[in-house]
Each structure stands twice: as C-alpha cells, then as structure tokens.
Amino acid sequence: MRTIQGVGVSAGIAIGAIRVLDTADHAVERRVVDDPQAEVERFRAARDAAVAQLKQLRDKTAAEFGEGKAELFDTHQLMLRDPDYVESIEDLIAQSKVNAEYAVNSTAEQFAAMFAAMDNSYMQARAADVKDVSHRVINVLEGKRGGVADEDGGESRIILAEDLAPSETVQLDRAKVLGFVTAKGSANSHTAILARTMGLPAIIGIGDAFDPADDGHAAVIDGTSGLVFVDPDEKTLAEYQGRKAKYEEHLRLLQELKGKPTETKSGQKVRLYANIGRPSDVAAVLANDAEGIGLFRSEFLYLESEDYPTEEFQFQAYKEVAQKMGDRLVVIRTLDIGADKQVGYFNLEHEANPALGYRAIRICLTRPEIFKVQLRALLRASVYGNIAIMLPMITSVQEVRDAKQILEEVKNELRGEHIDFNEHIQVGIMIETPASVIMADELAAEVDFFSIGTNDLTQYTLACDRQNPNLGRFADTHSPAVLRMIKMATEAAHRHGIWCGICGELGADLSLTDTFLEIGLDELSVSPTSVLPLRNAIRNH
C-alpha cells in the first residue's frame, strides 16, 4: 500500500480502480510562416470554432448543473474575445512570422503568469482558465478534439491526472467517475468548484507522487483529509468502506433537516445564513435551505470586471439576488477592495503592508464617486427584496458617520429623481478590527447590526498576516483573545438592542458551535454547503 497526502477540495470517499488521463501540457513547435496574414486568419477561424465548442459546453453545463455554473463558459468565451489577448496573438504572428499554435501558447503562458503573480487567490486561479481556453484553440489548430473523452466505456473509475481544466472536468461522464486526483491545481479553481457541485470527492496537489503507472490499480481517496491510498490493504479498505457508508448516511440525514427550525433543544434560536460572491451562488443558498444571505461579497463584481462596474450593472446584480431570496434578508457588504484583493483599474499604489493600508471603507470614503455609484445601485435594488448594507473595515465612529452622510446624500439624490428605495434599509458594520471591538458600544448606537469578520479579526488581534503560510501555528483561530473579542462585541450589540452575527469562516467550525451559542450570537453566516451540517449541530446542542 502506498499513501499519498494531497489537498482535499471536495468532500467524500471514493473506492475503485484508477484511470490515468493524459492531460499534461505538450510542447508546441515554433515554425516560421511565409504568409503571416493567412496564419492570422487561421487563428481567427480556430478561435471561432473554440467559441462554438464552449457554447455547447455551456448548454451541457446549464442542463446538468444550472445556469450559475454555466456562467464559467460564458467567461471563457469572453476570454477568447478579449482584445488584449487577441491582439497579443496576432501581433506575435505578424511581427515574428510564427505559426498560430506557437503564438497562442506563448500568449497563454504570458497571461497565465500575469494572473499567477497577483496577490488575490481568486485571480491566481484564473491562470488555469486562460490556459484551458488557449489549449482548446491549439487543439482546433492541430485538428484534435477538445476536452476529455471517455475512452474505455467501462466501469466507474477514480480519475488521476496531472491537472484537469474546467472544460475537461465538466465533460467527464459522472456515471463513470467516482472522484478525481490531480498533481496540480488550486482550491479556488473552477475545477475544484465544479467537483463540489458535481458531488465528486476530489484531491489536488499530490505533486511528484503522480505516477502514470498507477493506471488500473485499486485506490481509496478521501476528499476531506486529502489522503490517497494506492493498493490499500484489507484493513484500510474495510475502514474506508465503513466511513463511506457513514458519510452517505450522514448526507441523507442532513437532507431531512431542510425546512426544520434552527434552534437548540432548549429552544435557543439562531438565524442561519449563507455567504455568496456572485448572483449565481443563490442557487446553492436555496438548495441548502439557508434562511438568508449574511454576506454578499460585492467586490467580486469589481474583481471580475475590466473597468468600474456601472450603476446599472450593479443594480441588476443586487436586484437579481434580492428577488430570488424573496423576503429573506440579504446583507450586501460594500466594496472591500485592497489587501489581498487587488483590481488593476483602481490604480492602487504598491504598499509594503496592504492589510494595514488603503482598503475597503478607506477607499470608499476618499473616493466617494465610486462609493456613490454602489450605494445608488443598492438603494434602487432595495425595493425588490430585503436588502441590508454592511460597511467593512470600520475602526471608528467617525467612519460610520461619514459613510452614513454619503448614504444620505445619495438618498436625497434619488428622492429628487423620484426613484423609489427602502427608506428604512438596515445599515450595519463588520467587526473585524480590535478598534471596532473596543468602540463597540459607541458603534452599536450608530448602526442596526454587527457582523463579525473572524478572518481579519484573528489577523489583527494576533498580529498574524493571514496570507503568510509560515504563521499557521501562531494564527490560532481558537485563541481565547479572539473568542473574547467576539463575546465583547456581541454583548455590546445586545446592550444597544441590535443583533450580532458572524460571517467569517469560523462560523462553520463545528467545534466552536457550542461556544458561539453560549456567547449568544444571533446569526451565523457560512458557505452554502456548511448550512445543513451547522443546523444539525445547533439542533443537537
């Protein structure tokens, strides 16, 4: 038996034979061409054919997984039409007189390196997407089929590959795939997201342990722990067969919790909400029976745009979420750009310590022309559902008052234009700095609710950079100091008659659920897939 440690990105256990897929990058030959213009035309034809393939993939994905996941392939089509991408390829062909395959591959490497160098993990994961669409064009140019085909047509297998692109993942026959393991990959990649959507156990990052000779061998994979067992012994096989049966029974029982109240055995009620990043995530919120949205990370509308998103664009996004959620609360965090979320068109200066720098509410208060566009969109959308506004990175009462003053100016503008909005829209703040905890009583008198961002609160309380992998042993999310901060903020909120919740990752930590209930938190907002396990824990308290 050989044991391999990877990174689990999609929970579940799979037991079966391995099928190795040859998805490694192959060298692209550089050739000199006599007619660069003809080569440009050949690229354009291949690009159009690739777009047509992506349209078919989009329809397949929408039919199987819903419109939300299909949006990935809309994005891929936009990548192939991106003026900078196309211009880079065509200029390389024209100026260097090289073949289209080489020009596409070189541009893909250049753009992928650019994404990989960004500080934001979401944007880093886009490096795989640009390679995916470029390889599709190269396949068309070389007369090859696009994506992964099911070649053996036999029994269900565990897929082992160096890497899997999103388009390759979605083309896998789910009836014949038990799970997958890759040498490379990112937990934030669309491939990992698709695995979770498909309900397939998945492990990435096994690195040099990838061995094509494992094809046909028996294996066990655990998508939670990231463990892979090749040729498992009888004891290991029996253990994981038992774990697999328990996990599947656990999932079945969780489904029975849909529609059940989120309250303890003694009758203590907690509102259980979900966190989202884009409108398409609402499908997962509803599928997992969340009672509302406790954090809509609106910065993704900026991260995924090539320029400042317009008022109309944002209005449509907020309106869509509000309408889909009906009368359930939707808490939308205002722009939280900066630190690890960098956007090129904001032209932010390089900072030695961006986590302590120009970010979030500090940008909004000093660039009100950007802030007002978002506030107008939020207020306009507020008549279509139950929207609340949440201000991030607050450290002082004055910041809240300044933000509320800008909000009042926007309200007056809309009144003057006879545009309807919810006059009583809730305004809350994120508690994610020690300063906001210390000033919690004064802040509570200014707002309608607190939502504790535990990721940053931990970072700032313990003076540990959340992006630094060497600080794992010091960045203790269970630190008594962090838990005391949470308790202090909650008690201050209750003294002033407002509600207090958690929207950070810590809210889903089942080992702390009892602690949070004892503290008296009113709301927990977690990833959609964490809703039912958390409801189960609360109901058993």
# chains A, B, ... in the order shown; residues from 1 in each chain; ligands from 1
call {"tool": "residues_around", "arguments": {"residues": "A:Val270", "least_positions_apart": "3", "cutoff": "9 Å", "atoms": "only C-alpha atoms", "output": "CSV table (one decimal) with N, CA, C and O atoms, in the first residue's frame"}}
result
chain,number,residue,atom,x,y,z
A,261,PRO,N,-36.6,24.1,11.9
A,261,PRO,CA,-36.1,25.3,12.5
A,261,PRO,C,-34.6,25.2,13.0
A,261,PRO,O,-34.2,24.1,13.4
A,262,THR,N,-33.9,26.3,13.0
A,262,THR,CA,-32.5,26.2,13.5
A,262,THR,C,-32.6,26.7,15.0
A,262,THR,O,-32.5,27.9,15.3
A,263,GLU,N,-32.7,25.7,15.9
A,263,GLU,CA,-32.8,26.1,17.3
A,263,GLU,C,-32.3,24.9,18.1
A,263,GLU,O,-32.4,23.7,17.7
A,264,THR,N,-31.8,25.2,19.3
A,264,THR,CA,-31.3,24.2,20.2
A,264,THR,C,-32.4,23.4,20.8
A,264,THR,O,-33.6,23.8,20.7
A,517,LEU,N,-23.0,29.6,20.7
A,517,LEU,CA,-24.4,29.6,21.3
A,517,LEU,C,-24.3,30.1,22.7
A,517,LEU,O,-25.2,30.9,23.1
A,520,GLY,N,-24.1,33.8,22.7
A,520,GLY,CA,-25.4,34.4,22.4
A,520,GLY,C,-25.5,35.1,21.1
A,520,GLY,O,-26.3,36.0,20.9
A,521,LEU,N,-24.7,34.6,20.1
A,521,LEU,CA,-24.7,35.2,18.8
A,521,LEU,C,-26.1,34.9,18.2
A,521,LEU,O,-26.7,33.9,18.3
A,522,ASP,N,-26.6,35.9,17.5
A,522,ASP,CA,-27.9,35.8,16.9
A,522,ASP,C,-28.0,35.2,15.5
A,522,ASP,O,-29.0,34.7,15.1
A,523,GLU,N,-26.8,35.2,14.8
A,523,GLU,CA,-26.8,34.8,13.4
A,523,GLU,C,-25.4,34.2,13.1
A,523,GLU,O,-24.4,34.7,13.6
A,524,LEU,N,-25.4,33.2,12.3
A,524,LEU,CA,-24.1,32.6,11.7
A,524,LEU,C,-24.3,32.5,10.2
A,524,LEU,O,-25.3,32.0,9.7
A,538,ILE,N,-26.5,22.7,15.8
A,538,ILE,CA,-27.3,23.5,16.6
A,538,ILE,C,-28.5,22.8,17.2
A,538,ILE,O,-28.8,22.9,18.4
call {"tool": "residues_around", "arguments": {"residues": "A:Ile387", "least_positions_apart": "2", "cutoff": "10 Å", "atoms": "only C-alpha atoms", "output": "PDB file with N, CA, C and O atoms, in the first residue's frame"}}
result
ATOM      1  N   ILE A 293     -29.015  35.601   3.357  1.00  0.00           N
ATOM      2  CA  ILE A 293     -27.622  35.788   2.941  1.00  0.00           C
ATOM      3  C   ILE A 293     -26.992  36.782   3.919  1.00  0.00           C
ATOM      4  O   ILE A 293     -27.409  37.930   4.009  1.00  0.00           O
ATOM      5  N   TYR A 318     -27.698  43.103  -7.787  1.00  0.00           N
ATOM      6  CA  TYR A 318     -28.319  43.147  -6.456  1.00  0.00           C
ATOM      7  C   TYR A 318     -29.815  42.838  -6.542  1.00  0.00           C
ATOM      8  O   TYR A 318     -30.367  42.139  -5.683  1.00  0.00           O
ATOM      9  N   LYS A 319     -30.453  43.357  -7.572  1.00  0.00           N
ATOM     10  CA  LYS A 319     -31.888  43.105  -7.769  1.00  0.00           C
ATOM     11  C   LYS A 319     -32.152  41.611  -7.963  1.00  0.00           C
ATOM     12  O   LYS A 319     -33.099  41.048  -7.388  1.00  0.00           O
ATOM     13  N   VAL A 321     -30.431  39.028  -6.923  1.00  0.00           N
ATOM     14  CA  VAL A 321     -30.279  38.296  -5.661  1.00  0.00           C
ATOM     15  C   VAL A 321     -31.467  38.571  -4.741  1.00  0.00           C
ATOM     16  O   VAL A 321     -32.032  37.647  -4.139  1.00  0.00           O
ATOM     17  N   ALA A 322     -31.856  39.833  -4.627  1.00  0.00           N
ATOM     18  CA  ALA A 322     -32.973  40.199  -3.742  1.00  0.00           C
ATOM     19  C   ALA A 322     -34.259  39.504  -4.164  1.00  0.00           C
ATOM     20  O   ALA A 322     -35.009  38.978  -3.327  1.00  0.00           O
ATOM     21  N   MET A 325     -34.265  35.767  -3.379  1.00  0.00           N
ATOM     22  CA  MET A 325     -34.344  35.460  -1.945  1.00  0.00           C
ATOM     23  C   MET A 325     -35.680  35.855  -1.326  1.00  0.00           C
ATOM     24  O   MET A 325     -35.950  35.533  -0.165  1.00  0.00           O
ATOM     25  N   ASP A 327     -38.447  37.415   0.747  1.00  0.00           N
ATOM     26  CA  ASP A 327     -38.454  38.266   1.938  1.00  0.00           C
ATOM     27  C   ASP A 327     -37.303  37.946   2.885  1.00  0.00           C
ATOM     28  O   ASP A 327     -37.186  38.530   3.959  1.00  0.00           O
ATOM     29  N   ARG A 328     -36.417  37.026   2.490  1.00  0.00           N
ATOM     30  CA  ARG A 328     -35.272  36.689   3.344  1.00  0.00           C
ATOM     31  C   ARG A 328     -34.200  37.770   3.246  1.00  0.00           C
ATOM     32  O   ARG A 328     -33.955  38.321   2.176  1.00  0.00           O
ATOM     33  N   LEU A 329     -33.551  38.045   4.363  1.00  0.00           N
ATOM     34  CA  LEU A 329     -32.572  39.120   4.427  1.00  0.00           C
ATOM     35  C   LEU A 329     -31.363  38.840   3.532  1.00  0.00           C
ATOM     36  O   LEU A 329     -30.855  37.718   3.484  1.00  0.00           O
ATOM     37  N   VAL A 330     -30.906  39.869   2.830  1.00  0.00           N
ATOM     38  CA  VAL A 330     -29.702  39.807   2.002  1.00  0.00           C
ATOM     39  C   VAL A 330     -28.769  40.935   2.458  1.00  0.00           C
ATOM     40  O   VAL A 330     -29.036  42.107   2.212  1.00  0.00           O
ATOM     41  N   VAL A 331     -27.698  40.586   3.152  1.00  0.00           N
ATOM     42  CA  VAL A 331     -26.739  41.568   3.645  1.00  0.00           C
ATOM     43  C   VAL A 331     -25.635  41.724   2.606  1.00  0.00           C
ATOM     44  O   VAL A 331     -24.909  40.762   2.318  1.00  0.00           O
ATOM     45  N   ILE A 332     -25.529  42.926   2.040  1.00  0.00           N
ATOM     46  CA  ILE A 332     -24.541  43.168   0.979  1.00  0.00           C
ATOM     47  C   ILE A 332     -23.425  44.041   1.536  1.00  0.00           C
ATOM     48  O   ILE A 332     -23.658  45.168   1.979  1.00  0.00           O
ATOM     49  N   LEU A 378     -27.460  49.863  -4.749  1.00  0.00           N
ATOM     50  CA  LEU A 378     -28.012  49.132  -3.601  1.00  0.00           C
ATOM     51  C   LEU A 378     -29.385  49.662  -3.191  1.00  0.00           C
ATOM     52  O   LEU A 378     -30.314  48.882  -2.947  1.00  0.00           O
ATOM     53  N   LEU A 379     -29.510  50.966  -3.120  1.00  0.00           N
ATOM     54  CA  LEU A 379     -30.790  51.555  -2.719  1.00  0.00           C
ATOM     55  C   LEU A 379     -31.876  51.269  -3.758  1.00  0.00           C
ATOM     56  O   LEU A 379     -33.018  50.934  -3.400  1.00  0.00           O
ATOM     57  N   ALA A 381     -32.077  48.745  -5.691  1.00  0.00           N
ATOM     58  CA  ALA A 381     -32.431  47.317  -5.622  1.00  0.00           C
ATOM     59  C   ALA A 381     -33.208  46.980  -4.358  1.00  0.00           C
ATOM     60  O   ALA A 381     -33.874  45.939  -4.295  1.00  0.00           O
ATOM     61  N   SER A 382     -33.157  47.863  -3.360  1.00  0.00           N
ATOM     62  CA  SER A 382     -33.767  47.546  -2.060  1.00  0.00           C
ATOM     63  C   SER A 382     -35.276  47.400  -2.115  1.00  0.00           C
ATOM     64  O   SER A 382     -35.869  46.810  -1.203  1.00  0.00           O
ATOM     65  N   VAL A 383     -35.923  47.915  -3.151  1.00  0.00           N
ATOM     66  CA  VAL A 383     -37.382  47.789  -3.241  1.00  0.00           C
ATOM     67  C   VAL A 383     -37.791  46.421  -3.791  1.00  0.00           C
ATOM     68  O   VAL A 383     -38.968  46.092  -3.823  1.00  0.00           O
ATOM     69  N   TYR A 384     -36.815  45.617  -4.219  1.00  0.00           N
ATOM     70  CA  TYR A 384     -37.125  44.314  -4.812  1.00  0.00           C
ATOM     71  C   TYR A 384     -36.914  43.161  -3.832  1.00  0.00           C
ATOM     72  O   TYR A 384     -37.063  41.994  -4.203  1.00  0.00           O
ATOM     73  N   GLY A 385     -36.579  43.486  -2.588  1.00  0.00           N
ATOM     74  CA  GLY A 385     -36.371  42.432  -1.597  1.00  0.00           C
ATOM     75  C   GLY A 385     -35.974  43.044  -0.268  1.00  0.00           C
ATOM     76  O   GLY A 385     -36.211  44.224  -0.003  1.00  0.00           O
ATOM     77  N   ILE A 389     -27.321  46.953   4.090  1.00  0.00           N
ATOM     78  CA  ILE A 389     -25.995  47.429   3.684  1.00  0.00           C
ATOM     79  C   ILE A 389     -25.023  47.220   4.842  1.00  0.00           C
ATOM     80  O   ILE A 389     -25.329  47.554   5.988  1.00  0.00           O
ATOM     81  N   MET A 390     -23.844  46.672   4.525  1.00  0.00           N
ATOM     82  CA  MET A 390     -22.839  46.428   5.560  1.00  0.00           C
ATOM     83  C   MET A 390     -21.505  47.079   5.171  1.00  0.00           C
ATOM     84  O   MET A 390     -21.009  46.888   4.066  1.00  0.00           O
ATOM     85  N   ASN A 422     -35.954  51.653  -0.293  1.00  0.00           N
ATOM     86  CA  ASN A 422     -36.412  51.355   1.071  1.00  0.00           C
ATOM     87  C   ASN A 422     -35.868  52.415   2.019  1.00  0.00           C
ATOM     88  O   ASN A 422     -34.678  52.459   2.310  1.00  0.00           O
ATOM     89  N   ILE A 425     -33.922  51.029   5.153  1.00  0.00           N
ATOM     90  CA  ILE A 425     -32.933  49.987   4.903  1.00  0.00           C
ATOM     91  C   ILE A 425     -31.960  49.887   6.077  1.00  0.00           C
ATOM     92  O   ILE A 425     -31.513  50.898   6.630  1.00  0.00           O
ATOM     93  N   GLN A 426     -31.669  48.666   6.502  1.00  0.00           N
ATOM     94  CA  GLN A 426     -30.734  48.456   7.608  1.00  0.00           C
ATOM     95  C   GLN A 426     -29.303  48.780   7.164  1.00  0.00           C
ATOM     96  O   GLN A 426     -28.900  48.462   6.044  1.00  0.00           O
ATOM     97  N   VAL A 427     -28.546  49.385   8.066  1.00  0.00           N
ATOM     98  CA  VAL A 427     -27.128  49.653   7.836  1.00  0.00           C
ATOM     99  C   VAL A 427     -26.348  49.071   9.003  1.00  0.00           C
ATOM    100  O   VAL A 427     -26.604  49.413  10.167  1.00  0.00           O
TER     101      VAL A 427
END
call {"tool": "closest_residue", "arguments": {"among": "A:Val133, A:Ala100, A:Val7, A:Leu414", "to": "A:Ile221", "atoms": "only C-alpha atoms"}}
result
A:Val7
call {"tool": "residues_around", "arguments": {"residues": "stretch 106-115 of chain A", "least_positions_apart": "6", "cutoff": "12 Å", "atoms": "only C-alpha atoms", "output": "ChimeraX atom specification"}}
result
/A:25,27-30,79-80,82,84-93,98-100,121-138,342-344
call {"tool": "write_last_selection", "arguments": {"atoms": "N, CA and C atoms", "output": "compact mmCIF listing (two decimals), in the first residue's frame"}}
result
# COMPACT_ATOMS: atom_id res chain seq x y z
N ASP A 25 0.58 19.20 -20.37
CA ASP A 25 0.90 20.13 -21.45
C ASP A 25 1.96 19.51 -22.36
N ALA A 27 4.71 20.18 -25.62
CA ALA A 27 5.47 21.26 -26.24
C ALA A 27 4.82 21.63 -27.57
N VAL A 28 4.76 22.94 -27.82
CA VAL A 28 4.20 23.44 -29.07
C VAL A 28 5.36 23.90 -29.95
N GLU A 29 5.43 23.34 -31.12
CA GLU A 29 6.53 23.64 -32.04
C GLU A 29 6.43 25.07 -32.58
N ARG A 30 7.59 25.73 -32.65
CA ARG A 30 7.65 27.06 -33.27
C ARG A 30 8.10 26.91 -34.71
N MET A 79 -12.97 35.47 -22.67
CA MET A 79 -11.51 35.44 -22.69
C MET A 79 -10.98 35.32 -24.12
N LEU A 80 -11.62 34.48 -24.92
CA LEU A 80 -11.17 34.28 -26.29
C LEU A 80 -11.43 35.50 -27.16
N ASP A 82 -11.21 38.62 -25.79
CA ASP A 82 -10.57 39.76 -25.12
C ASP A 82 -9.61 40.46 -26.08
N ASP A 84 -7.02 42.44 -25.69
CA ASP A 84 -5.60 42.33 -25.34
C ASP A 84 -5.05 40.95 -25.69
N TYR A 85 -5.84 39.93 -25.40
CA TYR A 85 -5.44 38.55 -25.69
C TYR A 85 -5.29 38.34 -27.19
N VAL A 86 -6.32 38.74 -27.94
CA VAL A 86 -6.31 38.56 -29.40
C VAL A 86 -5.18 39.38 -30.05
N GLU A 87 -5.04 40.62 -29.59
CA GLU A 87 -4.01 41.49 -30.17
C GLU A 87 -2.62 40.93 -29.92
N SER A 88 -2.39 40.38 -28.73
CA SER A 88 -1.09 39.80 -28.41
C SER A 88 -0.76 38.65 -29.36
N ILE A 89 -1.73 37.80 -29.63
CA ILE A 89 -1.52 36.66 -30.53
C ILE A 89 -1.26 37.13 -31.96
N GLU A 90 -2.11 38.02 -32.44
CA GLU A 90 -1.99 38.46 -33.83
C GLU A 90 -0.72 39.29 -34.05
N ASP A 91 -0.32 40.08 -33.07
CA ASP A 91 0.92 40.85 -33.20
C ASP A 91 2.13 39.91 -33.24
N LEU A 92 2.10 38.86 -32.43
CA LEU A 92 3.22 37.91 -32.41
C LEU A 92 3.34 37.19 -33.75
N ILE A 93 2.20 36.83 -34.32
CA ILE A 93 2.21 36.18 -35.65
C ILE A 93 2.77 37.14 -36.70
N VAL A 98 5.51 33.75 -36.89
CA VAL A 98 5.44 32.41 -36.29
C VAL A 98 4.07 31.80 -36.55
N ASN A 99 4.00 30.50 -36.36
CA ASN A 99 2.73 29.78 -36.55
C ASN A 99 1.75 30.12 -35.44
N ALA A 100 0.46 29.98 -35.73
CA ALA A 100 -0.60 30.37 -34.80
C ALA A 100 -0.53 29.57 -33.50
N SER A 121 -6.06 35.30 -4.40
CA SER A 121 -6.12 33.88 -4.71
C SER A 121 -7.13 33.56 -5.80
N TYR A 122 -8.23 34.32 -5.83
CA TYR A 122 -9.24 34.10 -6.87
C TYR A 122 -8.64 34.39 -8.25
N MET A 123 -7.92 35.52 -8.38
CA MET A 123 -7.34 35.88 -9.66
C MET A 123 -6.20 34.93 -10.03
N GLN A 124 -5.45 34.44 -9.04
CA GLN A 124 -4.40 33.46 -9.31
C GLN A 124 -4.99 32.21 -9.97
N ALA A 125 -6.17 31.82 -9.51
CA ALA A 125 -6.80 30.62 -10.06
C ALA A 125 -7.24 30.81 -11.50
N ARG A 126 -7.34 32.04 -11.98
CA ARG A 126 -7.73 32.29 -13.37
C ARG A 126 -6.62 31.93 -14.36
N ALA A 127 -5.39 31.71 -13.85
CA ALA A 127 -4.30 31.28 -14.72
C ALA A 127 -4.67 29.97 -15.41
N ALA A 128 -5.32 29.07 -14.68
CA ALA A 128 -5.73 27.79 -15.28
C ALA A 128 -6.78 28.00 -16.35
N ASP A 129 -7.66 29.00 -16.17
CA ASP A 129 -8.72 29.24 -17.15
C ASP A 129 -8.15 29.73 -18.48
N VAL A 130 -7.19 30.65 -18.42
CA VAL A 130 -6.64 31.17 -19.68
C VAL A 130 -5.86 30.09 -20.40
N LYS A 131 -5.21 29.18 -19.66
CA LYS A 131 -4.54 28.05 -20.31
C LYS A 131 -5.55 27.09 -20.94
N ASP A 132 -6.65 26.90 -20.23
CA ASP A 132 -7.70 26.00 -20.72
C ASP A 132 -8.23 26.46 -22.07
N VAL A 133 -8.62 27.74 -22.17
CA VAL A 133 -9.20 28.22 -23.43
C VAL A 133 -8.15 28.26 -24.54
N SER A 134 -6.90 28.54 -24.18
CA SER A 134 -5.85 28.59 -25.20
C SER A 134 -5.54 27.19 -25.74
N HIS A 135 -5.52 26.20 -24.87
CA HIS A 135 -5.28 24.84 -25.32
C HIS A 135 -6.42 24.35 -26.21
N ARG A 136 -7.61 24.84 -25.95
CA ARG A 136 -8.74 24.48 -26.81
C ARG A 136 -8.50 25.01 -28.23
N VAL A 137 -8.02 26.25 -28.34
CA VAL A 137 -7.73 26.82 -29.66
C VAL A 137 -6.60 26.03 -30.34
N ILE A 138 -5.58 25.69 -29.57
CA ILE A 138 -4.46 24.92 -30.13
C ILE A 138 -4.93 23.56 -30.63
N GLN A 342 -6.73 42.85 -5.16
CA GLN A 342 -6.25 43.98 -5.95
C GLN A 342 -6.98 44.02 -7.30
N VAL A 343 -7.35 45.22 -7.73
CA VAL A 343 -8.01 45.44 -9.02
C VAL A 343 -7.19 46.47 -9.79
N GLY A 344 -6.72 46.08 -10.97
CA GLY A 344 -5.80 46.92 -11.72
C GLY A 344 -6.31 48.32 -12.00
call {"tool": "residues_around", "arguments": {"residues": "A:Ala11", "least_positions_apart": "6", "cutoff": "8 Å", "atoms": "only C-alpha atoms", "output": "compact mmCIF listing (two decimals) with N, CA, C and O atoms, in the first residue's frame"}}
result
# COMPACT_ATOMS: atom_id res chain seq x y z
N ARG A 196 -17.14 20.08 -6.41
CA ARG A 196 -18.07 20.18 -5.28
C ARG A 196 -19.51 20.22 -5.77
O ARG A 196 -20.41 19.64 -5.16
N GLY A 199 -20.62 16.86 -6.72
CA GLY A 199 -20.65 15.91 -5.62
C GLY A 199 -19.60 14.84 -5.73
O GLY A 199 -19.77 13.72 -5.22
N LEU A 200 -18.47 15.15 -6.38
CA LEU A 200 -17.39 14.18 -6.56
C LEU A 200 -16.28 14.44 -5.54
O LEU A 200 -15.80 15.57 -5.43
N PRO A 201 -15.84 13.42 -4.82
CA PRO A 201 -14.66 13.60 -3.97
C PRO A 201 -13.48 14.02 -4.84
O PRO A 201 -13.28 13.47 -5.93
N ALA A 202 -12.70 15.00 -4.39
CA ALA A 202 -11.60 15.49 -5.22
C ALA A 202 -10.42 15.89 -4.35
O ALA A 202 -10.58 16.48 -3.29
N ASP A 222 -9.92 10.16 -0.01
CA ASP A 222 -10.73 10.84 1.00
C ASP A 222 -10.65 12.34 0.71
O ASP A 222 -9.63 12.98 0.99
N GLY A 223 -11.73 12.90 0.15
CA GLY A 223 -11.74 14.29 -0.26
C GLY A 223 -11.74 15.27 0.89
O GLY A 223 -11.58 16.47 0.67
N THR A 224 -11.93 14.79 2.12
CA THR A 224 -11.87 15.67 3.29
C THR A 224 -10.44 15.80 3.81
O THR A 224 -9.93 16.90 4.00
call {"tool": "closest_residue", "arguments": {"among": "A:Gly326, A:Gly453, A:Pro368, A:Gly16", "to": "A:Leu237", "atoms": "only C-alpha atoms"}}
result
A:Gly16
call {"tool": "residues_around", "arguments": {"residues": "A:Gly216", "least_positions_apart": "2", "cutoff": "8 Å", "atoms": "only C-alpha atoms", "output": "short mmCIF file (atom, residue, chain, number, x, y, z; two decimals) with N, CA and C atoms, in the first residue's frame"}}
result
data_model
loop_
_atom_site.label_atom_id
_atom_site.label_comp_id
_atom_site.auth_asym_id
_atom_site.auth_seq_id
_atom_site.Cartn_x
_atom_site.Cartn_y
_atom_site.Cartn_z
N ALA A 17 -11.01 1.54 -9.04
CA ALA A 17 -9.79 1.45 -9.83
C ALA A 17 -9.41 2.83 -10.38
N ILE A 18 -8.12 3.01 -10.60
CA ILE A 18 -7.60 4.28 -11.12
C ILE A 18 -7.60 4.26 -12.64
N ARG A 19 -7.99 5.40 -13.21
CA ARG A 19 -7.80 5.61 -14.65
C ARG A 19 -6.96 6.87 -14.82
N ASP A 214 0.19 3.94 -12.08
CA ASP A 214 -0.90 3.56 -11.18
C ASP A 214 -2.19 3.22 -11.94
N ALA A 218 -6.01 -0.44 -7.72
CA ALA A 218 -7.10 -0.09 -6.78
C ALA A 218 -6.67 1.11 -5.93
#
call {"tool": "closest_residue", "arguments": {"among": "A:Leu254, A:Arg495, A:Glu142, A:His424", "to": "A:Ser530", "atoms": "only C-alpha atoms"}}
result
A:Leu254
call {"tool": "residues_around", "arguments": {"residues": "A:Cys500", "least_positions_apart": "3", "cutoff": "10 Å", "atoms": "only C-alpha atoms", "output": "PyMOL selection string"}}
result
chain A and resi 428-431+444+448-452+486+489-494+497+520-524
call {"tool": "residues_around", "arguments": {"residues": "A:Thr395", "least_positions_apart": "5", "cutoff": "10 Å", "atoms": "only C-alpha atoms", "output": "list in words"}}
result
Ile361, Val400, Met430, Ile431, Glu432, Thr433, Pro434, Ala435, Ser436, Val437, Ile438, Met439, Ala440 and Leu443 of chain A
call {"tool": "write_last_selection", "arguments": {"atoms": "N, CA and C atoms", "output": "mmCIF file, in the first residue's frame"}}
result
data_model
loop_
_atom_site.group_PDB
_atom_site.id
_atom_site.type_symbol
_atom_site.label_atom_id
_atom_site.label_comp_id
_atom_site.auth_asym_id
_atom_site.auth_seq_id
_atom_site.Cartn_x
_atom_site.Cartn_y
_atom_site.Cartn_z
ATOM 1 N N ILE A 361 -13.395 50.458 3.408
ATOM 2 C CA ILE A 361 -14.112 51.714 3.680
ATOM 3 C C ILE A 361 -13.210 52.923 3.468
ATOM 4 N N VAL A 400 -18.158 55.626 10.368
ATOM 5 C CA VAL A 400 -19.559 55.248 10.186
ATOM 6 C C VAL A 400 -20.398 56.486 9.872
ATOM 7 N N MET A 430 -19.083 45.655 9.777
ATOM 8 C CA MET A 430 -18.303 44.474 10.100
ATOM 9 C C MET A 430 -17.401 44.792 11.290
ATOM 10 N N ILE A 431 -17.365 43.869 12.214
ATOM 11 C CA ILE A 431 -16.452 43.961 13.352
ATOM 12 C C ILE A 431 -15.268 43.066 13.008
ATOM 13 N N GLU A 432 -14.172 43.677 12.581
ATOM 14 C CA GLU A 432 -13.015 42.884 12.168
ATOM 15 C C GLU A 432 -11.688 43.520 12.576
ATOM 16 N N THR A 433 -11.769 44.559 13.414
ATOM 17 C CA THR A 433 -10.563 45.171 13.960
ATOM 18 C C THR A 433 -10.704 45.272 15.478
ATOM 19 N N PRO A 434 -9.601 45.165 16.211
ATOM 20 C CA PRO A 434 -9.686 45.363 17.665
ATOM 21 C C PRO A 434 -10.278 46.716 18.026
ATOM 22 N N ALA A 435 -10.006 47.726 17.205
ATOM 23 C CA ALA A 435 -10.563 49.058 17.487
ATOM 24 C C ALA A 435 -12.078 49.038 17.494
ATOM 25 N N SER A 436 -12.675 48.296 16.543
ATOM 26 C CA SER A 436 -14.144 48.252 16.491
ATOM 27 C C SER A 436 -14.725 47.519 17.689
ATOM 28 N N VAL A 437 -13.999 46.540 18.221
ATOM 29 C CA VAL A 437 -14.467 45.842 19.422
ATOM 30 C C VAL A 437 -14.396 46.773 20.628
ATOM 31 N N ILE A 438 -13.282 47.487 20.752
ATOM 32 C CA ILE A 438 -13.107 48.405 21.879
ATOM 33 C C ILE A 438 -14.162 49.515 21.851
ATOM 34 N N MET A 439 -14.527 49.952 20.635
ATOM 35 C CA MET A 439 -15.517 51.032 20.480
ATOM 36 C C MET A 439 -16.921 50.487 20.218
ATOM 37 N N ALA A 440 -17.146 49.210 20.496
ATOM 38 C CA ALA A 440 -18.401 48.556 20.110
ATOM 39 C C ALA A 440 -19.638 49.240 20.685
ATOM 40 N N LEU A 443 -20.235 52.333 18.630
ATOM 41 C CA LEU A 443 -20.605 51.961 17.257
ATOM 42 C C LEU A 443 -22.024 51.392 17.203
#
